[in-house]
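input33.txt, holding compact mmCIF, C-alpha atoms and all ligand atoms:
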# COMPACT_ATOMS: atom_id res chain seq x y z
CA MET A 1 -3.95 36.30 0.20
CA ASN A 2 -5.69 37.59 -2.92
CA ASP A 3 -8.55 35.65 -4.30
CA PRO A 4 -8.47 32.63 -2.00
CA LEU A 5 -10.09 29.36 -2.99
CA ILE A 6 -13.05 28.34 -0.83
CA SER A 7 -13.88 24.63 -0.70
CA VAL A 8 -17.47 23.81 0.13
CA VAL A 9 -17.72 20.35 1.67
CA ALA A 10 -21.16 18.78 1.91
CA PRO A 11 -22.18 15.24 2.88
CA ILE A 12 -24.99 13.81 0.78
CA TYR A 13 -27.16 10.89 1.73
CA ASN A 14 -30.21 10.16 -0.40
CA GLU A 15 -30.89 13.80 -1.17
CA GLY A 16 -32.15 13.15 -4.71
CA ASP A 17 -33.04 16.36 -6.51
CA GLY A 18 -31.87 18.20 -3.41
CA VAL A 19 -28.38 17.87 -4.90
CA ASP A 20 -29.22 20.14 -7.82
CA ARG A 21 -31.10 22.55 -5.62
CA PHE A 22 -28.13 22.73 -3.28
CA LEU A 23 -25.58 23.32 -6.04
CA ASP A 24 -27.71 25.95 -7.75
CA ARG A 25 -28.33 27.83 -4.56
CA LEU A 26 -24.69 27.76 -3.45
CA THR A 27 -23.32 28.69 -6.84
CA GLU A 28 -25.67 31.65 -6.84
CA VAL A 29 -24.45 32.82 -3.42
CA LEU A 30 -20.74 32.21 -4.02
CA ALA A 31 -20.68 33.66 -7.51
CA GLY A 32 -22.75 36.58 -6.26
CA ALA A 33 -20.15 37.31 -3.61
CA GLY A 34 -17.37 36.91 -6.19
CA LEU A 35 -15.71 34.05 -4.31
CA ARG A 36 -13.50 31.55 -6.10
CA HIS A 37 -14.80 28.18 -5.01
CA GLU A 38 -14.94 24.42 -5.47
CA PHE A 39 -17.49 21.90 -4.27
CA VAL A 40 -16.55 18.61 -2.67
CA LEU A 41 -19.70 16.53 -2.50
CA VAL A 42 -19.39 13.28 -0.57
CA ASP A 43 -22.00 10.69 -1.40
CA ASP A 44 -22.37 8.70 1.79
CA GLY A 45 -23.57 5.50 0.13
CA SER A 46 -26.87 6.89 -1.14
CA THR A 47 -29.32 4.36 -2.50
CA ASP A 48 -31.13 6.83 -4.73
CA ASP A 49 -29.88 8.79 -7.76
CA SER A 50 -27.77 11.23 -5.72
CA TRP A 51 -24.50 9.91 -7.11
CA SER A 52 -25.51 10.11 -10.77
CA ARG A 53 -26.65 13.66 -10.15
CA ILE A 54 -23.30 14.52 -8.56
CA ALA A 55 -21.40 12.83 -11.37
CA HIS A 56 -23.50 14.65 -13.95
CA ARG A 57 -22.92 18.02 -12.33
CA SER A 58 -19.19 17.43 -12.08
CA HIS A 59 -19.01 16.60 -15.78
CA LEU A 60 -20.64 19.92 -16.52
CA ASP A 61 -18.67 21.99 -14.04
CA PRO A 62 -15.01 21.30 -13.16
CA ARG A 63 -15.51 23.10 -9.88
CA VAL A 64 -17.75 20.30 -8.66
CA ARG A 65 -15.99 17.19 -7.42
CA GLY A 66 -17.73 14.11 -6.17
CA VAL A 67 -16.45 11.39 -3.86
CA ARG A 68 -18.49 8.27 -3.49
CA LEU A 69 -18.07 6.23 -0.33
CA SER A 70 -18.44 2.48 -0.70
CA ARG A 71 -21.39 2.37 1.69
CA ASN A 72 -23.17 4.51 4.26
CA PHE A 73 -20.46 5.39 6.78
CA GLY A 74 -22.43 8.10 8.53
CA LYS A 75 -22.25 11.85 8.34
CA GLU A 76 -19.08 12.18 10.41
CA ALA A 77 -17.08 9.86 8.16
CA ALA A 78 -18.47 11.59 5.07
CA LEU A 79 -17.33 14.94 6.44
CA LEU A 80 -13.85 13.55 7.06
CA ALA A 81 -13.66 12.25 3.52
CA GLY A 82 -14.67 15.66 2.24
CA LEU A 83 -12.13 17.48 4.41
CA GLU A 84 -9.31 15.25 3.18
CA GLU A 85 -10.34 15.87 -0.40
CA ALA A 86 -10.69 19.65 -0.22
CA VAL A 87 -7.81 21.72 -1.58
CA GLY A 88 -9.04 25.23 -0.80
CA ASP A 89 -7.43 27.86 1.43
CA ALA A 90 -10.52 27.59 3.59
CA VAL A 91 -13.22 24.94 3.80
CA VAL A 92 -16.84 25.53 4.56
CA VAL A 93 -18.69 22.51 5.92
CA ILE A 94 -22.41 22.69 5.26
CA ASP A 95 -25.41 20.34 5.21
CA SER A 96 -26.72 19.62 1.75
CA ASP A 97 -30.38 19.93 2.76
CA LEU A 98 -30.17 23.73 2.78
CA GLN A 99 -30.99 23.86 6.49
CA HIS A 100 -27.82 25.85 6.91
CA PRO A 101 -28.44 29.15 5.10
CA PRO A 102 -25.79 29.46 2.35
CA GLY A 103 -26.28 33.22 2.55
CA ALA A 104 -24.09 33.23 5.66
CA ILE A 105 -21.00 32.02 3.77
CA PRO A 106 -19.80 35.42 2.54
CA ALA A 107 -19.97 36.74 6.12
CA MET A 108 -18.00 33.72 7.33
CA VAL A 109 -15.37 34.28 4.68
CA ARG A 110 -15.08 37.93 5.71
CA ARG A 111 -14.49 36.88 9.33
CA TRP A 112 -11.84 34.48 8.16
CA GLN A 113 -10.13 37.13 6.05
CA ALA A 114 -10.24 39.40 9.08
CA GLY A 115 -8.06 36.88 10.93
CA ALA A 116 -10.25 34.14 12.40
CA HIS A 117 -9.13 30.56 11.74
CA VAL A 118 -12.40 28.90 12.66
CA VAL A 119 -15.73 30.57 11.99
CA GLU A 120 -18.72 28.88 13.57
CA ALA A 121 -22.31 29.50 12.67
CA VAL A 122 -24.42 29.54 15.82
CA LYS A 123 -28.16 29.14 15.90
CA ARG A 124 -30.39 32.04 16.64
CA ASN A 125 -33.52 29.90 16.39
CA ARG A 126 -34.49 26.40 15.34
CA THR A 127 -37.62 26.77 13.27
CA GLY A 128 -37.12 23.61 11.26
CA GLN A 129 -37.07 21.30 14.25
CA SER A 130 -39.68 19.66 16.38
CA PHE A 131 -40.01 20.38 20.08
CA GLY A 132 -38.62 16.97 21.10
CA ASN A 133 -35.68 17.45 18.78
CA ARG A 134 -34.96 20.88 20.18
CA LEU A 135 -35.21 19.71 23.77
CA SER A 136 -32.97 16.68 23.28
CA SER A 137 -30.26 18.60 21.47
CA LYS A 138 -30.39 21.30 24.13
CA VAL A 139 -30.01 18.73 26.93
CA PHE A 140 -27.20 16.96 25.08
CA ASN A 141 -25.31 20.14 24.26
CA LYS A 142 -25.59 21.38 27.84
CA ALA A 143 -24.42 18.05 29.26
CA PHE A 144 -21.58 17.86 26.76
CA THR A 145 -20.46 21.40 27.47
CA GLY A 146 -20.63 20.76 31.22
CA MET A 147 -18.60 17.57 31.11
CA THR A 148 -15.99 18.46 28.52
CA LYS A 149 -15.57 22.23 28.71
CA VAL A 150 -15.91 22.24 24.91
CA ASP A 151 -18.74 24.67 24.31
CA LEU A 152 -21.44 23.19 22.13
CA VAL A 153 -24.45 25.23 23.18
CA ASP A 154 -26.16 26.43 19.99
CA ALA A 155 -23.30 25.00 17.91
CA THR A 156 -23.86 23.58 14.44
CA ASP A 157 -21.79 21.63 11.95
CA PHE A 158 -21.87 24.67 9.68
CA ARG A 159 -18.31 25.93 9.99
CA LEU A 160 -15.47 27.49 8.10
CA LEU A 161 -11.96 26.24 8.77
CA GLY A 162 -8.83 27.97 7.55
CA ARG A 163 -6.02 25.76 6.17
CA PRO A 164 -3.95 25.59 9.42
CA ALA A 165 -7.03 24.65 11.47
CA LEU A 166 -7.99 22.06 8.87
CA GLU A 167 -4.52 20.51 8.95
CA ALA A 168 -4.74 20.37 12.75
CA LEU A 169 -8.09 18.64 12.53
CA ARG A 170 -6.80 16.15 10.00
CA ARG A 171 -4.05 15.11 12.40
CA MET A 172 -6.62 13.70 14.79
CA PRO A 173 -6.56 9.99 14.14
CA GLU A 174 -9.60 8.92 16.10
CA HIS A 175 -12.11 6.68 14.55
CA SER A 176 -15.22 7.96 16.18
CA SER A 177 -14.68 11.53 15.18
CA PHE A 178 -17.22 14.09 16.23
CA PHE A 179 -16.73 17.09 13.99
CA ARG A 180 -18.58 19.58 16.14
CA GLY A 181 -16.43 18.61 19.12
CA THR A 182 -13.05 18.16 17.45
CA SER A 183 -13.30 21.39 15.49
CA SER A 184 -13.83 23.20 18.80
CA TRP A 185 -11.20 21.22 20.66
CA ILE A 186 -8.39 22.28 18.30
CA GLY A 187 -8.70 25.89 19.48
CA PHE A 188 -7.34 28.53 17.02
CA THR A 189 -8.69 32.04 16.75
CA ARG A 190 -12.44 31.76 16.54
CA ALA A 191 -15.32 33.90 15.42
CA THR A 192 -19.03 33.27 15.15
CA VAL A 193 -21.82 34.35 12.88
CA GLU A 194 -25.47 33.97 13.80
CA ILE A 195 -27.79 32.03 11.53
CA ASP A 196 -31.40 30.95 11.46
CA ILE A 197 -31.83 27.25 10.85
CA ASP A 198 -34.24 26.83 7.97
CA ARG A 199 -36.75 24.13 7.41
CA ARG A 200 -35.43 21.14 5.53
CA GLU A 201 -35.94 21.42 1.77
CA GLY A 202 -37.33 18.11 0.61
CA GLY A 203 -37.20 14.77 2.38
CA ALA A 204 -37.11 14.13 6.07
CA SER A 205 -34.25 14.18 8.52
CA ARG A 206 -31.87 11.32 7.80
CA TRP A 207 -31.32 10.66 11.46
CA THR A 208 -33.04 7.88 13.27
CA LEU A 209 -33.45 7.98 17.02
CA ARG A 210 -30.92 5.19 17.26
CA GLY A 211 -28.46 7.06 15.07
CA LEU A 212 -28.77 10.16 17.21
CA CYS A 213 -28.25 8.17 20.42
CA ARG A 214 -25.12 6.63 18.93
CA LEU A 215 -23.86 10.06 17.94
CA ALA A 216 -24.47 11.35 21.45
CA VAL A 217 -22.70 8.40 23.10
CA ASN A 218 -19.84 8.57 20.59
CA GLY A 219 -19.47 12.28 21.07
CA LEU A 220 -19.36 11.96 24.84
CA THR A 221 -17.11 8.94 25.12
CA SER A 222 -14.61 10.25 22.61
CA PHE A 223 -14.27 13.51 24.49
CA THR A 224 -14.45 12.83 28.16
CA SER A 225 -14.07 10.13 30.77
CA ALA A 226 -16.45 11.98 33.09
CA PRO A 227 -19.04 9.15 32.95
CA LEU A 228 -16.39 6.76 34.32
CA HIS A 229 -15.73 9.14 37.20
CA LEU A 230 -19.46 9.34 37.75
CA VAL A 231 -19.51 5.59 38.26
CA THR A 232 -16.74 5.94 40.85
CA MET A 233 -18.63 8.72 42.59
CA ALA A 234 -21.78 6.61 42.68
CA GLY A 235 -19.69 3.82 44.21
CA VAL A 236 -18.37 6.13 46.91
CA GLY A 237 -21.91 7.32 47.60
CA PHE A 238 -23.03 3.73 48.00
CA ALA A 239 -20.14 2.96 50.35
CA ALA A 240 -21.28 5.76 52.65
CA PHE A 241 -24.85 4.55 52.43
CA SER A 242 -23.89 0.93 53.21
CA LEU A 243 -21.85 2.04 56.20
CA VAL A 244 -24.84 3.84 57.73
CA LEU A 245 -27.27 1.06 56.91
CA GLY A 246 -24.82 -1.64 58.05
CA VAL A 247 -24.18 -0.03 61.43
CA GLN A 248 -27.88 0.54 61.93
CA THR A 249 -28.72 -3.09 61.11
CA VAL A 250 -26.07 -4.50 63.44
CA VAL A 251 -27.11 -2.18 66.29
CA ARG A 252 -30.72 -3.21 65.84
CA TRP A 253 -29.79 -6.87 65.77
CA LEU A 254 -27.71 -6.55 68.93
CA SER A 255 -30.55 -4.80 70.69
CA GLY A 256 -32.85 -7.70 69.83
CA GLY A 257 -34.99 -6.14 67.11
CA SER A 258 -34.41 -6.42 63.37
CA VAL A 259 -35.49 -4.50 60.25
CA ALA A 260 -38.54 -5.56 58.26
CA GLY A 261 -37.08 -8.42 56.23
CA PHE A 262 -38.07 -8.91 52.62
CA THR A 263 -38.88 -5.36 51.60
CA THR A 264 -35.43 -4.15 52.55
CA VAL A 265 -33.71 -7.03 50.83
CA ILE A 266 -35.71 -6.62 47.63
CA LEU A 267 -35.13 -2.88 47.48
CA LEU A 268 -31.42 -3.24 48.12
CA LEU A 269 -31.08 -5.91 45.46
CA LEU A 270 -32.93 -3.82 42.89
CA VAL A 271 -30.92 -0.70 43.59
CA THR A 272 -27.51 -2.36 43.65
CA GLY A 273 -28.35 -4.46 40.61
CA THR A 274 -29.29 -1.39 38.62
CA PHE A 275 -26.19 0.52 39.59
CA VAL A 276 -23.85 -2.37 38.91
CA LEU A 277 -25.32 -2.90 35.45
CA LEU A 278 -25.24 0.80 34.62
CA GLY A 279 -21.63 0.96 35.74
CA LEU A 280 -20.76 -2.04 33.58
CA GLY A 281 -22.58 -0.41 30.67
CA VAL A 282 -20.53 2.76 30.98
CA ILE A 283 -17.29 0.79 31.15
CA GLY A 284 -18.50 -1.24 28.18
CA GLU A 285 -18.98 1.89 26.08
CA TYR A 286 -15.39 2.90 26.67
CA LEU A 287 -14.18 -0.61 26.03
CA ALA A 288 -16.05 -0.61 22.73
CA ARG A 289 -14.41 2.69 21.86
CA ILE A 290 -10.95 1.29 22.61
CA HIS A 291 -11.71 -1.86 20.65
CA GLU A 292 -12.76 0.18 17.65
CA GLU A 293 -9.66 2.37 17.77
CA VAL A 294 -7.33 -0.58 18.27
CA ARG A 295 -8.59 -2.39 15.20
CA GLY A 296 -7.44 0.62 13.24
CA ARG A 297 -9.71 0.14 10.27
CA PRO A 298 -9.96 2.96 7.75
CA ARG A 299 -12.57 5.50 8.73
CA TYR A 300 -14.22 5.39 5.34
CA LEU A 301 -13.65 3.77 1.96
CA VAL A 302 -13.90 5.55 -1.36
CA GLN A 303 -15.54 3.65 -4.18
CA GLU A 304 -15.02 6.21 -6.91
CA ARG A 305 -14.41 9.83 -7.65
CA SER A 306 -16.13 11.84 -10.29
CA ALA A 307 -13.97 13.36 -12.98
CA ALA A 308 -14.52 16.50 -14.98
CA GLY A 309 -15.25 15.99 -18.67
CA PRO A 310 -16.34 12.68 -20.26
CA PRO A 311 -15.58 9.63 -18.11
CA ALA A 312 -12.02 8.48 -18.68
CA VAL A 313 -11.06 4.85 -19.36
CA PRO A 314 -9.36 3.51 -16.22
CA GLU A 315 -5.58 3.10 -16.76
CA GLN A 316 -5.55 -0.52 -15.72
CA TRP A 317 -7.93 -1.45 -18.58
CA VAL A 318 -5.63 0.15 -21.07
CA ALA A 319 -2.70 -1.81 -19.60
CA GLU A 320 -4.69 -5.06 -19.82
CA GLN A 321 -5.53 -4.45 -23.46
CA HIS A 322 -1.86 -3.92 -24.24
CA ALA A 323 -1.00 -7.12 -22.44
CA GLU A 324 -3.52 -9.08 -24.56
CA ARG A 325 -1.96 -7.99 -27.84
N1 LIG A 401 -26.03 12.67 6.03
C1 LIG A 401 -25.01 11.80 5.61
N2 LIG A 401 -25.00 10.51 6.05
C2 LIG A 401 -25.95 10.02 6.94
C3 LIG A 401 -26.95 10.93 7.39
C4 LIG A 401 -26.96 12.23 6.92
O1 LIG A 401 -24.14 12.19 4.85
O2 LIG A 401 -25.88 8.85 7.30
C5 LIG A 401 -26.03 14.07 5.54
C6 LIG A 401 -27.34 14.52 4.89
O3 LIG A 401 -27.37 14.27 3.52
C7 LIG A 401 -27.33 16.00 5.18
C8 LIG A 401 -26.59 16.11 6.49
O4 LIG A 401 -25.86 14.90 6.65
O5 LIG A 401 -26.58 16.73 4.22
C9 LIG A 401 -27.53 16.33 7.65
O6 LIG A 401 -28.49 15.33 7.69
P1 LIG A 401 -29.97 15.59 8.18
O7 LIG A 401 -30.51 16.82 7.55
O8 LIG A 401 -30.73 14.34 7.95
O9 LIG A 401 -29.73 15.80 9.73
P2 LIG A 401 -30.35 16.97 10.64
O10 LIG A 401 -30.39 18.21 9.86
O11 LIG A 401 -31.69 16.48 11.05
O12 LIG A 401 -29.37 17.02 11.78
MG MG A 402 -30.94 18.62 8.10
Would it be possible to restate this file's structure as structure tokens?
Amino acid sequence: MNDPLISVVAPIYNEGDGVDRFLDRLTEVLAGAGLRHEFVLVDDGSTDDSWSRIAHRSHLDPRVRGVRLSRNFGKEAALLAGLEEAVGDAVVVIDSDLQHPPGAIPAMVRRWQAGAHVVEAVKRNRTGQSFGNRLSSKVFNKAFTGMTKVDLVDATDFRLLGRPALEALRRMPEHSSFFRGTSSWIGFTRATVEIDIDRREGGASRWTLRGLCRLAVNGLTSFTSAPLHLVTMAGVGFAAFSLVLGVQTVVRWLSGGSVAGFTTVILLLLVTGTFVLLGLGVIGEYLARIHEEVRGRPRYLVQERSAAGPPAVPEQWVAEQHAER
């Protein structure tokens, strides 16, 4: 394939002047490497001037395309929207806050041209993140990798997907998509490049603790039913425990003595209560997942797309004007 088209897909949520910084920096890198490219910027319902900046840039440069979602659907949905919109021979998914070093893109493209279908950027360090952040993502990635056999240790969302891999990914209908997981699950020939995560340029992380917890639960429940099996295992463990305790209690009773009353009862109630509720919670998470999938709502809604050149008059207005005459 000579001169392939590279689509750069980036989700944007309240990045403000970060949009211009991002486009300038990426254009510099891509043009410097002589890569033919397009940008697909997905505005995930920003409440600041991100969209007008995107629209402005796409009027100036036909290689920049903007998609505006009707509200904040979350990063995963924004990524999906971008992937569906991209037309390139390969797509590069990258954060718009410049935490993913754009300088790695030419190396990723080379790996792809050398035959890899999916090129992942893996972290060498995590300078831009706090200790708590680092610890929690490490714990989550380890747990995820252990339970699902999809390796997420040191993984990022910064990836290049060749067209066949992208088409495979787009065939996954699930609502609660988890890009990092699904893009590993599909398989395909893979390669990695190492990157250093930079500090965020401008603004703070868009994630709230709640948002991150949701992402973690979504990621887990959409990939594995291991937590459900854990509940079963805990149940089996309790059965063994009750057998021992039951026999012991009866034997004691028969031999005239009995166990110290209230303390045992209170402890047993607390422990069983906790486990029953946790078990119900786990089942509930899966039920919620099924409920969400069954409703089959669209995963995101597009409000408008930016067009190159001066804004065109929507066709339906023209038709209405004709009808009035
Ligand atoms: N983002 C988004 N929608 C959201 C939250 C974030 O599109 O609801 C985008 C954001 O603009 C950025 C990327 O996702 O390009 C990563 O967000 P952030 O830097 O806040 O996350 P972190 O780097 O802390 O994981
Ligand atoms: Mg970031």
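Shown here are all protein and nucleic acid residues lying within 12 Å of (-12.2, 19.6, 21.1), with only C-alpha atoms considered: Phe144, Thr145, Thr148, Lys149, Val150, Asp151, Leu152, Ala168, Leu169, Met172, Ser177, Phe178, Phe179, Arg180, Gly181, Thr182, Ser183, Ser184, Trp185, Ile186, Gly187, Phe188, Gly219, Leu220, Ser222, Phe223 and Thr224 of chain A.
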Given 9 Å and only C-alpha atoms and all ligand atoms, residues near ligand LIG 401 (chain A) as number ranges by chain: A: 10-15, 42-46, 72-79, 94-100, 128-129, 133, 156-157, 200, 203-208, 211-212
Pick from A:Glu174, A:Asp49, A:Glu38, A:Asp3 nearest to A:Asp20, counting all atoms listed in the file: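 Nearest candidate to A:Asp20 out of A:Glu174, A:Asp49, A:Glu38, A:Asp3: A:Asp49.
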Polymer residues at most 8 Å from A:Val92, only C-alpha atoms, same-chain spacing of 2 or more positions, as a list in words: Ile6, Ser7, Val8, Val9, Ala90, Ile94, Ile105, Phe158, Arg159, Leu160 and Leu161 of chain A
Point-to-point distance from atom CA of A:Ala216 to atom CA of A:Ser137, Å rounded to tenths: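 Between these atoms lies a distance of 9.3 Å.
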d(atom CA of A:Ser58, atom CA of A:Pro101) in Å: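 Pair atom CA of A:Ser58 / atom CA of A:Pro101 returns 22.8 Å.
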Counting all atoms listed in the file, the residue of A:Pro227, A:Gly273, A:Gly256, A:Gly279 that sits nearest A:Ala143: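 With all atoms listed in the file as the atom set, the closest residue is A:Pro227.
For the atom pair formed by atom CA of A:Glu167 and atom CA of A:Ala114, the distance is 19.7 Å, given to one decimal.
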Residue with smallest distance to A:Gly281 - pool A:Leu268, A:Val217, A:Leu254, A:Ala107, counting all atoms listed in the file: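 Between A:Leu268, A:Val217, A:Leu254, A:Ala107, the residue approaching A:Gly281 most closely is A:Val217.
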Surrounding residues of A:Val282 excluding itself and chain neighbours under 2 positions, 12 Å, only C-alpha atoms, as a VMD selection string: chain A and resid 217 to 218 220 to 221 225 to 232 275 to 280 284 to 289
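Of the listed residues (A:Leu243, A:Ile197, A:Val40, A:Ala116), A:Ile197 comes nearest to ligand MG 402 (chain A); the distances count only C-alpha atoms and all ligand atoms.
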Residues near A:Ala33, cut-off 10 Å, only C-alpha atoms, skip fewer than 4 positions along chain, as a list of chain:residue names: A:Thr27, A:Glu28, A:Val29, A:Gly103, A:Ile105, A:Pro106, A:Ala107
